[in-house]
Amino acid sequence: MTHPLPGRRLARGSVGVLAATVLTGIAVVPASAAEPDLGIGPLAPITDVRPGSGVDVPFSLLNKGTDDVGKVWVTYSVTSGLTAADSYSNCRYSKEPAHDEAPARELAVCAVDQPLKPGVVYVPEHPLGLKALDRALYDNLSMTVEATEPGPSDGGGSDPVPGTGAPLKLVEKAPATDADRADHGEDSASSDVTAVNTADFALTGAQLKGKAGDEVTATVTFANEGPAWVYREPGRSAATVDVRIPPGTSVVKAHDFCTPVTRTHYSCGTSQSWVDEERGEEYPFVLRIDKVVEGATGKVSFDGTDRPFDRNAANDTADIVVNAGSGTAGGSTDGSSTGGSSAAGSSATGGTAATGGSSGGSDAASAASSSTSGGSTDGGPGTRTVDGGLAATGSDSTLPVVGASAAALLAGGGIVYAVRRRTAAAEQR
């Protein structure tokens with residue numbers, strides 16, 4: 001009689017089999033099937049894709065087990081710059097909205113009803129067909145293979161729709177080598193898909209009037225004027241905007257997405273790690289005019305974050321100007337007028353989170369061109385005129401511990417702010 005390996009406990013069924021063997025002297029072998037062990041090969045990055053063109057995606061599967069697997073489910077999903085070019089009849093297609101800090105995706109679940117032999121590499125009869133949309137730039141493809149049908153997505157997407165074309169089929173490529181087994185170690189894989197495209201990031205400042213002691217609101221606007229959306233790696237801000245406050249003013253309230261670096265320098269991020277085309281963020285700053293300084297000017301700029309897709313440098317900076325050529329004249333009627341259009345209908349009051357990315361934000365065209373209340377857009381490119389007040393000291397002295405910590409944290413790259421969860425919940429209401 002063969003004894004179990006030292007240190008291993010017998011399963012309950014095995015104990016019964018062992019007892020029967022001892023009593024009858026006849027070996028009994030329990031009927032059991034090996035668990036399916038499927039793997040998908042690595043997906044190579046795809047580059048130089050042209051918007052509007054097709055994208056062929058080869059992939060490979062391997063049954064690493066010892067028994068045939070009679071049916072498999074291949075699932076693939078793409079971010080919103082891509083779409084399925086082929087409509088396979090054995091696939092069901094749906095769309096998932098942005099959720100859990102991930103952007104919206106298109107999803108296909110394909111039931112491939114054919115056996116996969118053990119130890120054989122399979123590839124699709126034809127490469128998987130995708131298409132790059134006009135908004136494509138930095139996109140992502142993810143794939144999984146399973147031996148059981150996947151459950152419904154928890155992202156609250158649309159109802160699945162069956163495809164109408166020829167089915168997705170697999171064909172044998174070759175017996176698996178040791179290298180194939182190493183390459184197909186996981187049941188999921190992903191790849192970046194990069195398109196040849198541009199996205200114009202633009203900034204708008206404000207022009208304000210007020211008397212000493214007035215509080216005014218300067219709304220700085222960041223907009224992606226397209227044509228592409230921009231998706232950074234998770235946890236990284238889509239853009240980081242430096243805001244330097246005009247001399248003679250002090251900050252009463254900064255926007256929730258903005259962190260102080262010094263008393264007159266703030267670094268502002270985005271609500272998500274992506275920003276759709278014609279979307280962006282608004283950053284209202286409530287300032288107090290401590291001292292009237294004619295033509296006091298603060299600067300707005302991008303922090304130097306890598307933006308190879310942005311070919312238009314003309315709108316990469318803007319000014320916040322207080323009392324341009326007006327001396328002490330020009331106080332506001334209510335002390336708190338806004339300096340820009342509201343994002344997606346939300347109020348752009350100081351400290352209120354303006355939404356961005358696919359979860360909502362200011363329309364770029366509106367944000368860049370609409371006039372603001374209480375003034376005229378006569379401050380030149382990148383500025384808006386409003387009557388009202390705003391507060392930040394003209395001193396550039398560094399803040400104590402909190403300012404230093406914020407500066408160190410921001411030095412590592414843009415921050416996607418936790419307040420986005422609060423913003424998204426408010427939008428859903």
# chains A, B, ... in the order shown; residues from 1 in each chain; ligands from 1

$ residues_around --residues "range 300-309 of chain A" --least-positions-apart "5" --cutoff "7 Å" --atoms "only C-alpha atoms" --output "list in words"
Asn197, Thr198, Ala199, Gly205, Thr240, Val241, Asp242, Val243, Arg244, Asp316, Thr317, Ala318 and Asp319 of chain A

$ residues_around --residues "range 131-134 of chain A" --least-positions-apart "4" --cutoff "9 Å" --atoms "only C-alpha atoms" --output "ChimeraX atom specification"
/A:49-56,80-86,195,197,227-228

$ write_last_selection --atoms "all heavy atoms" --output "tab-separated table (two decimals), in the first residue's frame"
chain	number	residue	atom	x	y	z
A	49	VAL	N	-0.30	54.02	-34.25
A	49	VAL	CA	-1.66	53.80	-34.77
A	49	VAL	C	-2.22	55.13	-35.28
A	49	VAL	O	-2.03	56.17	-34.64
A	49	VAL	CB	-2.56	53.22	-33.66
A	49	VAL	CG1	-4.01	53.15	-34.11
A	49	VAL	CG2	-2.06	51.86	-33.23
A	50	ARG	N	-2.90	55.11	-36.40
A	50	ARG	CA	-3.50	56.31	-36.96
A	50	ARG	C	-4.98	56.35	-36.60
A	50	ARG	O	-5.69	55.35	-36.80
A	50	ARG	CB	-3.34	56.32	-38.48
A	50	ARG	CG	-1.89	56.23	-38.93
A	50	ARG	CD	-1.13	57.51	-38.68
A	50	ARG	NE	0.32	57.35	-38.89
A	50	ARG	CZ	1.19	58.34	-38.88
A	50	ARG	NH1	0.76	59.57	-38.65
A	50	ARG	NH2	2.47	58.12	-39.06
A	51	PRO	N	-5.46	57.48	-36.07
A	51	PRO	CA	-6.90	57.58	-35.78
A	51	PRO	C	-7.72	57.27	-37.03
A	51	PRO	O	-7.41	57.72	-38.13
A	51	PRO	CB	-7.07	59.04	-35.36
A	51	PRO	CG	-5.73	59.41	-34.78
A	51	PRO	CD	-4.73	58.68	-35.64
A	52	GLY	N	-8.77	56.46	-36.85
A	52	GLY	CA	-9.62	56.04	-37.95
A	52	GLY	C	-9.18	54.76	-38.61
A	52	GLY	O	-9.92	54.19	-39.44
A	53	SER	N	-8.01	54.25	-38.26
A	53	SER	CA	-7.49	53.03	-38.89
A	53	SER	C	-7.80	51.80	-38.05
A	53	SER	O	-8.12	51.88	-36.87
A	53	SER	CB	-5.98	53.14	-39.11
A	53	SER	OG	-5.30	53.17	-37.86
A	54	GLY	N	-7.67	50.63	-38.68
A	54	GLY	CA	-7.85	49.37	-37.98
A	54	GLY	C	-6.61	48.98	-37.21
A	54	GLY	O	-5.49	49.39	-37.52
A	55	VAL	N	-6.81	48.17	-36.18
A	55	VAL	CA	-5.72	47.68	-35.34
A	55	VAL	C	-5.87	46.17	-35.21
A	55	VAL	O	-6.88	45.68	-34.69
A	55	VAL	CB	-5.76	48.33	-33.93
A	55	VAL	CG1	-4.59	47.83	-33.09
A	55	VAL	CG2	-5.75	49.84	-34.03
A	56	ASP	N	-4.89	45.42	-35.71
A	56	ASP	CA	-4.91	43.97	-35.59
A	56	ASP	C	-4.16	43.55	-34.33
A	56	ASP	O	-3.03	43.99	-34.09
A	56	ASP	CB	-4.25	43.32	-36.81
A	56	ASP	CG	-5.09	43.45	-38.07
A	56	ASP	OD1	-6.31	43.67	-37.94
A	56	ASP	OD2	-4.54	43.35	-39.18
A	80	SER	N	-11.50	54.15	-24.09
A	80	SER	CA	-12.46	54.80	-24.98
A	80	SER	C	-11.88	55.39	-26.26
A	80	SER	O	-12.63	55.94	-27.07
A	80	SER	CB	-13.20	55.89	-24.21
A	80	SER	OG	-12.30	56.83	-23.68
A	81	GLY	N	-10.59	55.30	-26.48
A	81	GLY	CA	-10.04	55.70	-27.77
A	81	GLY	C	-10.07	54.59	-28.79
A	81	GLY	O	-9.72	54.80	-29.96
A	82	LEU	N	-10.50	53.41	-28.38
A	82	LEU	CA	-10.58	52.25	-29.25
A	82	LEU	C	-11.99	51.69	-29.25
A	82	LEU	O	-12.76	51.91	-28.32
A	82	LEU	CB	-9.59	51.16	-28.79
A	82	LEU	CG	-8.11	51.54	-28.70
A	82	LEU	CD1	-7.32	50.42	-28.01
A	82	LEU	CD2	-7.54	51.80	-30.09
A	83	THR	N	-12.30	50.91	-30.27
A	83	THR	CA	-13.58	50.22	-30.33
A	83	THR	C	-13.41	48.92	-31.11
A	83	THR	O	-12.40	48.74	-31.81
A	83	THR	CB	-14.67	51.10	-30.99
A	83	THR	OG1	-15.94	50.49	-30.85
A	83	THR	CG2	-14.38	51.31	-32.48
A	84	ALA	N	-14.35	48.02	-30.97
A	84	ALA	CA	-14.28	46.76	-31.71
A	84	ALA	C	-14.58	47.02	-33.18
A	84	ALA	O	-15.59	47.62	-33.52
A	84	ALA	CB	-15.29	45.77	-31.13
A	85	ALA	N	-13.67	46.55	-34.06
A	85	ALA	CA	-13.90	46.68	-35.50
A	85	ALA	C	-14.66	45.48	-36.04
A	85	ALA	O	-15.45	45.61	-36.97
A	85	ALA	CB	-12.57	46.83	-36.24
A	86	ASP	N	-14.43	44.32	-35.44
A	86	ASP	CA	-15.12	43.10	-35.84
A	86	ASP	C	-16.20	42.77	-34.83
A	86	ASP	O	-15.99	42.87	-33.62
A	86	ASP	CB	-14.14	41.92	-35.93
A	86	ASP	CG	-13.09	42.13	-37.03
A	86	ASP	OD1	-13.43	42.75	-38.05
A	86	ASP	OD2	-11.95	41.68	-36.84
A	195	ALA	N	-1.49	55.99	-30.24
A	195	ALA	CA	-1.84	56.54	-31.54
A	195	ALA	C	-1.01	57.79	-31.84
A	195	ALA	O	-0.49	58.45	-30.94
A	195	ALA	CB	-3.32	56.90	-31.59
A	197	ASN	N	-1.34	61.21	-32.51
A	197	ASN	CA	-2.42	62.17	-32.36
A	197	ASN	C	-1.96	63.31	-31.46
A	197	ASN	O	-0.87	63.25	-30.87
A	197	ASN	CB	-3.67	61.49	-31.77
A	197	ASN	CG	-4.95	62.19	-32.16
A	197	ASN	OD1	-4.94	63.27	-32.74
A	197	ASN	ND2	-6.09	61.58	-31.86
A	227	PRO	N	-7.69	67.09	-30.30
A	227	PRO	CA	-8.83	66.18	-30.49
A	227	PRO	C	-8.79	64.90	-29.66
A	227	PRO	O	-9.77	64.18	-29.57
A	227	PRO	CB	-8.74	65.84	-31.99
A	227	PRO	CG	-7.28	65.94	-32.30
A	227	PRO	CD	-6.77	67.08	-31.48
A	228	ALA	N	-7.63	64.58	-29.06
A	228	ALA	CA	-7.51	63.32	-28.33
A	228	ALA	C	-7.83	63.49	-26.85
A	228	ALA	O	-7.66	64.58	-26.28
A	228	ALA	CB	-6.11	62.75	-28.47

$ residues_around --residues "Pro45 in chain A" --least-positions-apart "6" --cutoff "9 Å" --atoms "only C-alpha atoms" --output "ChimeraX atom specification"
/A:190-194

$ write_last_selection --atoms "N, CA and C atoms" --output "short mmCIF file (atom, residue, chain, number, x, y, z; two decimals), in the first residue's frame"
data_model
loop_
_atom_site.label_atom_id
_atom_site.label_comp_id
_atom_site.auth_asym_id
_atom_site.auth_seq_id
_atom_site.Cartn_x
_atom_site.Cartn_y
_atom_site.Cartn_z
N SER A 190 -2.33 42.46 -20.74
CA SER A 190 -2.75 43.78 -21.20
C SER A 190 -1.65 44.40 -22.05
N SER A 191 -2.04 45.40 -22.82
CA SER A 191 -1.09 46.06 -23.70
C SER A 191 -1.48 47.52 -23.88
N ASP A 192 -0.48 48.37 -24.06
CA ASP A 192 -0.72 49.77 -24.38
C ASP A 192 -0.84 49.93 -25.89
N VAL A 193 -1.78 50.78 -26.30
CA VAL A 193 -1.98 51.08 -27.72
C VAL A 193 -1.82 52.60 -27.87
N THR A 194 -0.79 53.02 -28.59
CA THR A 194 -0.47 54.44 -28.71
C THR A 194 -0.73 54.93 -30.13
#

$ closest_residue --among "A:Arg135, A:Lys253, A:Pro115, A:Val171" --to "Glu215 in chain A" --atoms "only C-alpha atoms"
A:Lys253

$ closest_residue --among "A:Ala108, A:Ala313, A:Ile46, A:Val286" --to "Phe201 in chain A" --atoms "only C-alpha atoms"
A:Ala313

$ atom_distance --atom1 "CA of Pro162 in chain A" --atom2 "CA of Leu130 in chain A"
16.6 Å

$ closest_residue --among "A:Lys169, A:Pro97, A:Met143, A:Gly185" --to "Lys64 in chain A" --atoms "only C-alpha atoms"
A:Gly185

$ closest_residue --among "A:Tyr231, A:Phe59, A:Tyr138, A:Phe222" --to "Val196 in chain A" --atoms "only C-alpha atoms"
A:Tyr138
